[in-house]
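**Student:** Pasting a structure below so you can have a look.
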Amino acid sequence: MFNTETSGEAAIPTPVSIGRTTIACIAALILPGLGHLVLGKWVRGVIIGLVISAMFILGFIMEGHLYKPERNEWLTWFFSFLNAGMGLPYLVALAADWGIQVQPEQAAKVTFEYGNTFLCVAGALNMLATMDAYDIGVGRKA
Amino acid sequence: MTHFEAMVLFSLLVSIAFATLSSDHRTTAERVKYGAKVFAYFVGFGLILAWIFYPLPF
């Protein structure tokens with residue numbers, strides 16, 4: 001499978017078992033790119049893992065913050081949903097209350113909103129990567 | 001980090017992810033071409049929008 005990914009030739013889609021597809025989808029939500037690695041898509045898994053992890057880390061470097069759902073603020077539900085796309089890293093941050101609270105000096109930084117965007121898009125891309133892993137698992141794409 | 005640098009970095013990372021996950025582009029050459037196109041669109045439209053919004057007072 002490694003060879004078909006790097007040779008530049010279009011590979012033929014081959015479905016794998018339901019169990020392996022399920023494990024791949026769960027793995028993708030534990031660590032970005034892990035789902036593709038489970039399916040043997042090494043190059044794709046490493047690229048996706050590096051890109052999404054970089055976006056998540058850069059989001060924090062830019063002083064962004066993670067959202068958690070607030071009862072009276074419906075927009076926080078939307079942004080929390082995007083953040084939750086990161087899977088386990090988001091849940092760990094939520095449980096440890098890490099990167100959730102916003103300090104006034106943090107919000108005043110020029111890159112604050114960029115950081116928030118990076119964190120939300122990292123989650124959205126990981127959801128996309130999880131769906132991609134599912135499509136590969138069921139043989140919808142190579 | 002400036003706004004422009006952040007936008008370029010964002011465009012680069014998202015275009016790599018889109019090219020990698022694309023269903024319509026199957027070979028490596030097609031993916032690289034698509035990623036470069038998405039990156040150019042991101043940066044190009046970002047600059048056009050910035051240019052349009054620049055004279056606005058709000």
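By order of appearance in the structure tokens: chains A, B, ..., then residues from 1 within every chain, and ligands from 1 in the order shown.
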Skip Thr130 (chain A) itself and residues of its chain fewer than 2 positions away, then list as a PyMOL selection string all residues within 6 Å of it, counting only C-alpha atoms.
**Tutor:** chain A and resi 25+28+127-128+132-133
**Student:** For the residues in that selection, give me C-alpha atoms as a compact mmCIF listing (two decimals), in the first residue's frame.
**Tutor:**
# COMPACT_ATOMS: atom_id res chain seq x y z
CA CYS A 25 -12.40 5.86 12.69
CA ALA A 28 -8.55 9.05 13.83
CA MET A 127 -13.50 15.29 11.21
CA LEU A 128 -12.88 15.35 7.45
CA ASP A 132 -11.87 9.96 4.71
CA ALA A 133 -10.64 7.00 6.79
**Student:** Need the shell around Asp24 (chain B): protein/DNA/RNA residues with any atom at most 10 Å away, counting only C-alpha atoms. Skip same-chain ones fewer than 6 positions apart. Format as a VMD selection string?
**Tutor:** (chain A and resid 141) or (chain B and resid 30 to 31 34)
**Student:** Restrict the selected residues to C-alpha atoms and save them as a PDB file, in the first residue's frame.
**Tutor:**
ATOM      1  CA  LYS A 141     -11.915   5.461  -2.243  1.00  0.00           C
TER       2      LYS A 141
ATOM      3  CA  GLU B  30      -2.908  15.651  -9.418  1.00  0.00           C
ATOM      4  CA  ARG B  31      -2.899  16.217  -5.652  1.00  0.00           C
ATOM      5  CA  TYR B  34      -4.772  20.781  -6.711  1.00  0.00           C
TER       6      TYR B  34
END
**Student:** Wanna dump the chain B-chain A contacts at 10 Å for me, each residue with its shortest atom pair and the distance in Å to one decimal, counting only C-alpha atoms, ordered by chain and number, as JSON lines?
**Tutor:**
{"residue": "B:Met1", "atom": "CA", "partner": "A:Thr111", "partner_atom": "CA", "distance": 7.4}
{"residue": "B:Thr2", "atom": "CA", "partner": "A:Thr111", "partner_atom": "CA", "distance": 7.9}
{"residue": "B:His3", "atom": "CA", "partner": "A:Thr111", "partner_atom": "CA", "distance": 7.4}
{"residue": "B:Ala6", "atom": "CA", "partner": "A:Tyr114", "partner_atom": "CA", "distance": 7.1}
{"residue": "B:Met7", "atom": "CA", "partner": "A:Tyr114", "partner_atom": "CA", "distance": 8.4}
{"residue": "B:Leu9", "atom": "CA", "partner": "A:Met55", "partner_atom": "CA", "distance": 9.1}
{"residue": "B:Phe10", "atom": "CA", "partner": "A:Phe118", "partner_atom": "CA", "distance": 7.3}
{"residue": "B:Leu12", "atom": "CA", "partner": "A:Val51", "partner_atom": "CA", "distance": 9.4}
{"residue": "B:Leu13", "atom": "CA", "partner": "A:Val51", "partner_atom": "CA", "distance": 5.9}
{"residue": "B:Val14", "atom": "CA", "partner": "A:Val51", "partner_atom": "CA", "distance": 7.9}
{"residue": "B:Ser15", "atom": "CA", "partner": "A:Val51", "partner_atom": "CA", "distance": 9.9}
{"residue": "B:Ile16", "atom": "CA", "partner": "A:Val51", "partner_atom": "CA", "distance": 7.5}
{"residue": "B:Ala17", "atom": "CA", "partner": "A:Ile48", "partner_atom": "CA", "distance": 6.2}
{"residue": "B:Phe18", "atom": "CA", "partner": "A:Leu125", "partner_atom": "CA", "distance": 8.5}
{"residue": "B:Thr20", "atom": "CA", "partner": "A:Arg44", "partner_atom": "CA", "distance": 6.4}
{"residue": "B:Leu21", "atom": "CA", "partner": "A:Asp132", "partner_atom": "CA", "distance": 6.6}
{"residue": "B:Ser22", "atom": "CA", "partner": "A:Asp132", "partner_atom": "CA", "distance": 8.7}
{"residue": "B:Ser23", "atom": "CA", "partner": "A:Lys141", "partner_atom": "CA", "distance": 6.9}
{"residue": "B:Asp24", "atom": "CA", "partner": "A:Lys141", "partner_atom": "CA", "distance": 9.5}
{"residue": "B:His25", "atom": "CA", "partner": "A:Ala10", "partner_atom": "CA", "distance": 8.8}
{"residue": "B:Arg26", "atom": "CA", "partner": "A:Ala10", "partner_atom": "CA", "distance": 5.2}
{"residue": "B:Thr27", "atom": "CA", "partner": "A:Gly8", "partner_atom": "CA", "distance": 4.8}
{"residue": "B:Thr28", "atom": "CA", "partner": "A:Gly8", "partner_atom": "CA", "distance": 4.7}
{"residue": "B:Ala29", "atom": "CA", "partner": "A:Gly8", "partner_atom": "CA", "distance": 6.6}
{"residue": "B:Glu30", "atom": "CA", "partner": "A:Gly8", "partner_atom": "CA", "distance": 8.8}
{"residue": "B:Arg31", "atom": "CA", "partner": "A:Gly8", "partner_atom": "CA", "distance": 9.6}
**Student:** One number please: CA of Gly40 (chain A) to CA of Phe81 (chain A), in Å, one decimal.
**Tutor:**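 Going from CA of Gly40 (chain A) over to CA of Phe81 (chain A), I get 28.5 Å.
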**Student:** Contacts of Ala108 (chain A) at 12 Å or less, counting only C-alpha atoms, minus same-chain residues fewer than 4 places along, as a PyMOL selection string?
**Tutor:** chain A and resi 62-64+102-104+112-113
**Student:** Quick one: residues within 8 Å of Phe79 (chain A), only C-alpha atoms, excluding same-chain residues fewer than 3 positions away - as number ranges by chain?
**Tutor:** A: 67-68, 75-76, 82-83, 120
**Student:** Run DSSP on the backbone of this structure and report the residues of chain B it assigns to alpha helix (DSSP H), as a VMD selection string.
**Tutor:** chain B and resid 3 to 21 28 to 53
**Student:** Just want the 8 Å neighbourhood of Phe42 (chain B), counted on only C-alpha atoms, with same-chain residues fewer than 4 positions away dropped. Output as a short mmCIF file (atom, residue, chain, number, x, y, z; two decimals) with C-alpha atoms, in the first residue's frame.
**Tutor:**
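For reference, selection_2.cif as written:
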data_model
loop_
_atom_site.label_atom_id
_atom_site.label_comp_id
_atom_site.auth_asym_id
_atom_site.auth_seq_id
_atom_site.Cartn_x
_atom_site.Cartn_y
_atom_site.Cartn_z
CA SER B 11 -3.60 28.69 3.55
CA VAL B 38 -6.19 25.87 -3.47
CA GLY B 46 -7.41 36.99 0.96
#
**Student:** What is the CA of Trp77 (chain A)-CA of Ile23 (chain A) distance in Å, reported with one decimal?
**Tutor:**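 We find that CA of Trp77 (chain A) and CA of Ile23 (chain A) lie 27.3 Å from each other.
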**Student:** What does the structure give for the distance between CA of Ile57 (chain A) and CA of Gly87 (chain A), in Å to one decimal?
**Tutor:**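 Going from CA of Ile57 (chain A) over to CA of Gly87 (chain A) covers 14.6 Å.
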